[in-house]
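Next up, target.txt (compact mmCIF, C-alpha atoms):
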# COMPACT_ATOMS: atom_id res chain seq x y z
CA ASP A 1 2.82 -2.48 -11.68
CA THR A 2 2.78 0.15 -14.47
CA SER A 3 3.87 -0.52 -18.05
CA SER A 4 4.17 1.88 -20.99
CA ASN A 5 3.75 1.04 -24.64
CA GLY A 6 3.65 3.62 -27.42
CA GLY A 7 2.66 6.49 -25.11
CA SER A 8 -0.10 4.57 -23.32
CA VAL A 9 0.09 3.29 -19.76
CA HIS A 10 -1.20 -0.02 -18.46
CA PHE A 11 -1.83 -0.37 -14.73
CA ASP A 12 -1.79 -3.96 -13.52
CA ILE A 13 -3.01 -3.59 -9.94
CA CYS A 14 -3.05 -6.35 -7.37
CA VAL A 15 -4.94 -5.57 -4.16
CA CYS A 16 -3.00 -7.73 -1.71
CA CYS A 17 -4.78 -8.76 1.50
CA TYR A 18 -3.23 -11.01 4.13
CA ASN A 19 -5.56 -12.49 6.73
CA ASP A 20 -3.34 -12.65 9.81
CA ALA A 21 -5.17 -15.26 11.93
CA SER A 22 -8.43 -13.32 12.27
CA THR A 23 -11.18 -15.11 14.19
CA ASP A 24 -14.18 -13.25 12.72
CA LYS A 25 -15.59 -13.32 9.20
CA SER A 26 -12.87 -11.12 7.66
CA ILE A 27 -11.76 -13.75 5.15
CA GLU A 28 -15.34 -14.32 3.94
CA ILE A 29 -15.83 -10.58 3.41
CA ILE A 30 -12.55 -10.31 1.48
CA GLN A 31 -13.39 -13.30 -0.73
CA SER A 32 -16.78 -11.77 -1.58
CA LEU A 33 -14.92 -8.86 -3.23
CA GLU A 34 -12.77 -11.12 -5.40
CA LYS A 35 -13.49 -10.06 -8.96
CA GLU A 36 -11.18 -9.01 -11.77
CA ARG A 37 -11.98 -5.65 -13.38
CA THR A 38 -10.61 -3.56 -16.27
CA TRP A 39 -11.07 0.18 -16.94
CA ILE A 40 -10.01 2.53 -19.75
CA PHE A 41 -8.88 6.00 -18.61
CA SER A 42 -7.02 9.23 -19.38
CA ILE A 43 -4.92 11.13 -16.83
CA PRO A 44 -3.01 14.43 -17.26
CA LYS A 45 0.62 14.09 -18.38
CA ALA A 46 1.67 17.68 -19.15
CA THR A 47 0.34 21.03 -20.31
CA THR A 48 1.98 23.18 -22.98
CA GLY A 49 0.37 26.55 -23.58
CA ASN A 50 -3.34 25.88 -23.98
CA GLU A 51 -2.84 22.24 -24.89
CA ALA A 52 -3.02 19.39 -22.37
CA TYR A 53 -1.43 16.00 -22.91
CA TYR A 54 -2.71 12.83 -21.33
CA TYR A 55 -1.65 9.30 -20.56
CA ASP A 56 -4.19 7.00 -22.18
CA GLY A 57 -4.33 3.45 -20.99
CA THR A 58 -6.03 0.68 -19.12
CA MET A 59 -6.26 -0.27 -15.48
CA GLN A 60 -6.73 -3.92 -14.56
CA THR A 61 -7.31 -4.94 -10.95
CA ARG A 62 -7.41 -8.25 -9.15
CA LEU A 63 -7.58 -9.31 -5.52
CA LEU A 64 -4.85 -11.53 -4.07
CA ILE A 65 -5.61 -13.16 -0.74
CA GLY A 66 -3.24 -14.85 1.67
CA THR A 67 -4.06 -16.30 5.06
CA ALA A 68 -2.14 -17.56 8.08
CA PRO A 69 -2.21 -21.32 8.77
CA THR A 70 -5.04 -22.57 10.95
CA GLY A 71 -4.22 -22.56 14.65
CA THR A 72 -1.56 -19.83 14.48
CA THR A 73 -1.71 -16.45 16.19
CA SER A 74 -1.40 -12.95 14.78
CA ARG A 75 2.18 -11.85 14.08
CA GLY A 76 1.39 -8.14 14.00
CA ALA A 77 0.91 -5.44 11.36
CA GLY A 78 4.52 -5.45 10.09
CA TYR A 79 4.50 -9.18 9.41
CA ALA A 80 1.08 -9.05 7.73
CA ARG A 81 2.15 -6.21 5.40
CA ASN A 82 5.33 -8.05 4.39
CA GLN A 83 3.30 -11.18 3.65
CA ALA A 84 0.88 -9.13 1.55
CA VAL A 85 3.77 -7.79 -0.57
CA LYS A 86 4.93 -11.37 -1.21
CA LEU A 87 1.52 -12.27 -2.65
CA ARG A 88 2.34 -10.20 -5.74
CA ASP A 89 5.63 -12.08 -6.16
CA SER A 90 3.78 -15.40 -6.12
CA TYR A 91 1.30 -14.07 -8.66
CA GLU A 92 4.11 -12.83 -10.95
CA THR A 93 5.79 -16.24 -10.84
CA THR A 94 2.56 -17.96 -11.84
CA THR A 95 1.77 -15.41 -14.57
CA ASN A 96 5.25 -15.66 -16.11
CA ALA A 97 4.96 -19.42 -16.11
CA ASN A 98 1.62 -19.19 -17.92
CA ASN A 99 3.21 -16.80 -20.46
CA ASN A 100 6.07 -19.25 -21.05
CA GLY A 101 8.45 -16.97 -19.21
CA VAL A 102 7.89 -13.98 -21.52
CA SER A 103 8.40 -10.68 -19.66
CA LYS A 104 6.40 -7.48 -20.22
CA GLN A 105 9.38 -5.93 -22.03
CA GLU A 106 9.44 -8.93 -24.38
CA GLN A 107 5.70 -8.45 -24.93
CA GLY A 108 6.41 -4.98 -26.39
CA TYR A 109 6.20 -2.69 -23.36
CA GLU A 110 8.87 0.02 -23.31
CA GLU A 111 9.13 0.25 -19.52
CA CYS A 112 7.77 -1.60 -16.53
CA ALA A 113 7.81 -0.14 -13.00
CA HIS A 114 6.70 -1.80 -9.79
CA PHE A 115 5.24 0.28 -6.97
CA LEU A 116 3.63 -0.31 -3.61
CA CYS A 117 0.54 1.72 -2.71
CA ILE A 118 -0.24 1.47 1.00
CA LEU A 119 -3.82 1.54 2.30
CA ASP A 120 -5.09 0.55 5.74
CA SER A 121 -8.04 -1.83 5.80
CA ASP A 122 -10.23 0.71 7.62
CA ASP A 123 -9.56 3.55 5.15
CA ILE A 124 -11.16 4.63 1.86
CA MET A 125 -9.19 5.49 -1.27
CA HIS A 126 -10.21 8.26 -3.65
CA PRO A 127 -10.79 6.86 -7.17
CA THR A 128 -7.86 8.61 -8.90
CA ARG A 129 -5.22 8.24 -6.17
CA ILE A 130 -3.20 5.42 -7.78
CA ALA A 131 -3.26 7.00 -11.24
CA GLU A 132 -2.18 10.41 -9.93
CA GLN A 133 0.61 9.14 -7.67
CA ALA A 134 1.87 6.77 -10.35
CA SER A 135 1.92 9.46 -13.03
CA THR A 136 3.88 11.74 -10.69
CA MET A 137 6.35 8.94 -10.00
CA LEU A 138 6.76 8.22 -13.72
CA SER A 139 7.61 11.88 -14.33
CA LEU A 140 10.73 11.52 -12.14
CA GLY A 141 14.10 10.24 -13.27
CA THR A 142 14.74 6.54 -12.68
CA GLU A 143 17.17 6.99 -9.78
CA GLN A 144 15.04 9.66 -8.07
CA ARG A 145 11.92 7.55 -8.56
CA GLN A 146 13.55 4.55 -6.89
CA LYS A 147 14.36 6.54 -3.73
CA THR A 148 11.15 8.55 -3.40
CA LEU A 149 8.63 8.02 -0.63
CA MET A 150 5.48 9.80 -1.79
CA GLY A 151 2.46 10.71 0.29
CA CYS A 152 -0.63 12.80 -0.31
CA GLN A 153 -3.25 14.84 1.45
CA PHE A 154 -6.29 13.27 3.06
CA ASP A 155 -9.78 13.90 4.40
CA ARG A 156 -10.93 12.73 7.82
CA ILE A 157 -14.15 10.82 8.40
CA PRO A 158 -15.94 12.32 10.34
CA LYS A 159 -14.77 15.56 8.75
CA ASP A 160 -13.99 17.47 11.97
CA SER A 161 -12.16 14.66 13.77
CA THR A 162 -8.47 15.39 14.62
CA GLN A 163 -8.97 18.83 13.06
CA HIS A 164 -5.66 20.35 14.22
CA TYR A 165 -3.63 17.29 13.25
CA SER A 166 -5.27 17.08 9.81
CA GLN A 167 -4.67 20.79 9.16
CA TRP A 168 -1.02 20.42 10.15
CA ALA A 169 -0.39 17.32 8.01
CA ASN A 170 -2.19 18.69 4.95
CA SER A 171 -0.53 22.12 4.94
CA LEU A 172 3.18 21.22 5.28
CA SER A 173 5.53 23.00 2.90
CA ASN A 174 8.42 21.11 1.28
CA GLU A 175 10.76 22.54 3.94
CA ARG A 176 8.48 21.54 6.83
CA LEU A 177 8.19 18.00 5.44
CA TYR A 178 11.88 17.60 6.27
CA LEU A 179 12.15 19.61 9.46
CA GLU A 180 9.09 18.33 11.29
CA GLN A 181 9.92 14.65 10.76
CA PHE A 182 11.82 14.91 14.06
CA ARG A 183 8.58 15.52 15.97
CA GLU A 184 6.14 13.43 13.92
CA CYS A 185 5.96 11.35 10.74
CA THR A 186 5.08 14.00 8.16
CA LEU A 187 3.77 11.55 5.56
CA LEU A 188 0.94 9.40 6.91
CA GLN A 189 1.59 5.73 6.23
CA PRO A 190 -1.81 5.03 4.57
CA THR A 191 -0.86 7.61 1.90
CA TRP A 192 2.51 6.07 1.02
CA PHE A 193 3.46 5.26 -2.57
CA LEU A 194 6.97 3.93 -3.22
CA SER A 195 9.15 1.73 -5.36
CA LYS A 196 8.80 -1.97 -4.57
CA ALA A 197 12.52 -2.50 -5.20
CA TRP A 198 13.45 0.20 -2.66
CA PHE A 199 11.02 -1.25 -0.12
CA GLU A 200 12.69 -4.65 -0.47
CA ARG A 201 16.19 -3.17 -0.35
CA LEU A 202 15.34 -1.52 2.99
CA GLY A 203 14.12 -4.86 4.33
CA GLY A 204 10.39 -4.18 4.45
CA TYR A 205 8.50 -3.56 7.68
CA LEU A 206 9.96 -4.45 11.05
CA GLU A 207 8.28 -7.58 12.37
CA ALA A 208 7.49 -8.62 15.91
CA PRO A 209 9.48 -11.67 17.07
CA ALA A 210 7.87 -14.95 16.07
CA SER A 211 5.60 -16.26 18.80
CA ASP A 212 5.44 -19.91 19.84
CA MET A 213 1.96 -19.29 21.21
CA ASP A 214 -0.03 -21.42 18.77
CA GLU A 215 -3.21 -23.16 19.89
CA THR A 216 -1.37 -26.16 21.40
CA ASN A 217 1.12 -24.09 23.36
CA ARG A 218 -1.52 -21.66 24.58
CA SER A 219 -3.56 -24.56 25.93
CA LYS A 220 -0.45 -25.93 27.67
CA ARG A 221 0.28 -22.53 29.21
CA ALA A 222 -3.31 -22.25 30.41
CA ARG A 223 -2.89 -25.54 32.29
CA ILE A 224 0.46 -24.47 33.76
CA ASP A 225 -0.62 -20.93 34.61
CA PRO A 226 -4.24 -20.88 35.84
CA GLY A 227 -4.26 -17.06 35.57
CA SER A 228 -3.79 -17.12 31.80
CA LYS A 229 -6.54 -17.41 29.19
CA PRO A 230 -6.41 -19.50 26.00
CA ASP A 231 -7.06 -16.39 23.92
CA ASP A 232 -4.24 -14.29 25.43
CA LYS A 233 -2.03 -12.64 22.83
CA LYS A 234 1.47 -11.30 23.20
CA SER A 235 0.96 -8.11 21.25
CA ASP A 236 -1.72 -5.60 20.35
CA ILE A 237 -2.15 -3.90 16.98
CA LEU A 238 -2.78 -0.16 16.89
CA HIS A 239 -5.46 0.99 14.46
CA ASP A 240 -5.54 4.50 12.94
CA ASP A 241 -8.73 6.49 12.61
CA THR A 242 -10.46 6.14 9.27
CA ILE A 243 -9.18 8.51 6.61
CA ALA A 244 -10.04 9.06 2.96
CA ILE A 245 -6.93 9.60 0.89
CA ASP A 246 -7.18 12.49 -1.54
CA THR A 247 -4.70 13.67 -4.16
CA ASP A 248 -6.81 16.54 -5.50
CA GLU A 249 -4.59 19.10 -3.78
CA GLY A 250 -1.37 17.51 -4.99
CA SER A 251 1.03 14.88 -3.76
CA LYS A 252 3.83 15.34 -1.26
CA GLN A 253 7.22 13.75 -1.76
CA PHE A 254 10.09 12.67 0.45
CA TYR A 255 13.53 11.88 -1.01
Once you've parsed the file, please lay out its structure as structure tokens.
Amino acid sequence: DTSSNGGSVHFDICVCCYNDASTDKSIEIIQSLEKERTWIFSIPKATTGNEAYYYDGTMQTRLLIGTAPTGTTSRGAGYARNQAVKLRDSYETTTNANNNGVSKQEQGYEECAHFLCILDSDDIMHPTRIAEQASTMLSLGTEQRQKTLMGCQFDRIPKDSTQHYSQWANSLSNERLYLEQFRECTLLQPTWFLSKAWFERLGGYLEAPASDMDETNRSKRARIDPGSKPDDKKSDILHDDTIAIDTDEGSKQFY
């Protein structure tokens, strides 16, 4: 969420994590990171001649955690991401209620824009990524901004892993971004930055069909089918290699 007021920009960032029926200590690790933070910053806005203009503002972050009910099974990456997006909606409802229903515009902000910044749980984000992608988005017209899927370049960890793929993805021209989408996704999902309204209008991520394989039903199936195991799952989740997302070389856009 980005708001502007008198030339300054306020970033209200919610890091949304949904614990989709994990059986390890994931939820404990996430909860240990739960701390609200605020920074003051300046990011480039425009350059005229020898003079540079900056957005001055603040960046406030908080961690929102959701978790699947006890005894349920994982619904897959698409479902988990959609549930994570909903966490912000729940937070907004609570915040507005605490502010007696007063919106950001009524609090004096000239404009308020809501974006989604995608990051996989096994990736690392460069410190200025959100500020740089958001400032680029804010420089676009309202209609263009709403329909833009923005990505950025990245670094691999280890550095030389998937060398040819990384070189291809990081060196695409604007023309190749369009043309090569028919052979491969030219904007890597963990680099995506897009309008929340457009994400919702498109229906969010595709979700795997709901499974009836909760703990009770899995135990019943194990008794009926001796070849099955209580911890069988209907679907597997694919995990990308670790990447560090970097906007130093400029963002890429898809319209």
- Using only C-alpha atoms: which of A:Asn19, A:Thr136, A:Ser173, A:Thr61 has the shortest distance to Ala77 in chain A: A:Asn19
- Item | Best match for closeness to Asp12 in chain A among A:Ile27, A:Leu116, A:Lys147, A:Ala68, counting all atoms listed in the file |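 When distances to Asp12 in chain A are compared using all atoms listed in the file, the smallest one comes from A:Leu116.
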- Query: Excluding same-chain residues fewer than 4 positions from Leu172 in chain A, what lies within 10 Å of it counting all atoms listed in the file, as an MDAnalysis selection string?
  - Reply: chainID A and resid 153 167:168 176:178 180 186:187 252
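For the set A:Ile13, A:Met59, A:Met150, A:Ala21, the residue with the smallest atom-to-atom gap to Leu194 in chain A is A:Met150, counting all atoms listed in the file.
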- Query: So how many Å separate CA of Tyr205 in chain A and CA of Asn82 in chain A, to one decimal?
  - Reply: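 Pair CA of Tyr205 in chain A / CA of Asn82 in chain A returns 6.4 Å.
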- Nearest to Gln144 in chain A among A:Ser195, A:Gly76, A:Glu92, A:Val9, with distances taken over only C-alpha atoms: which residue is it?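 Of the candidates, the smallest distance to Gln144 in chain A is held by A:Ser195.
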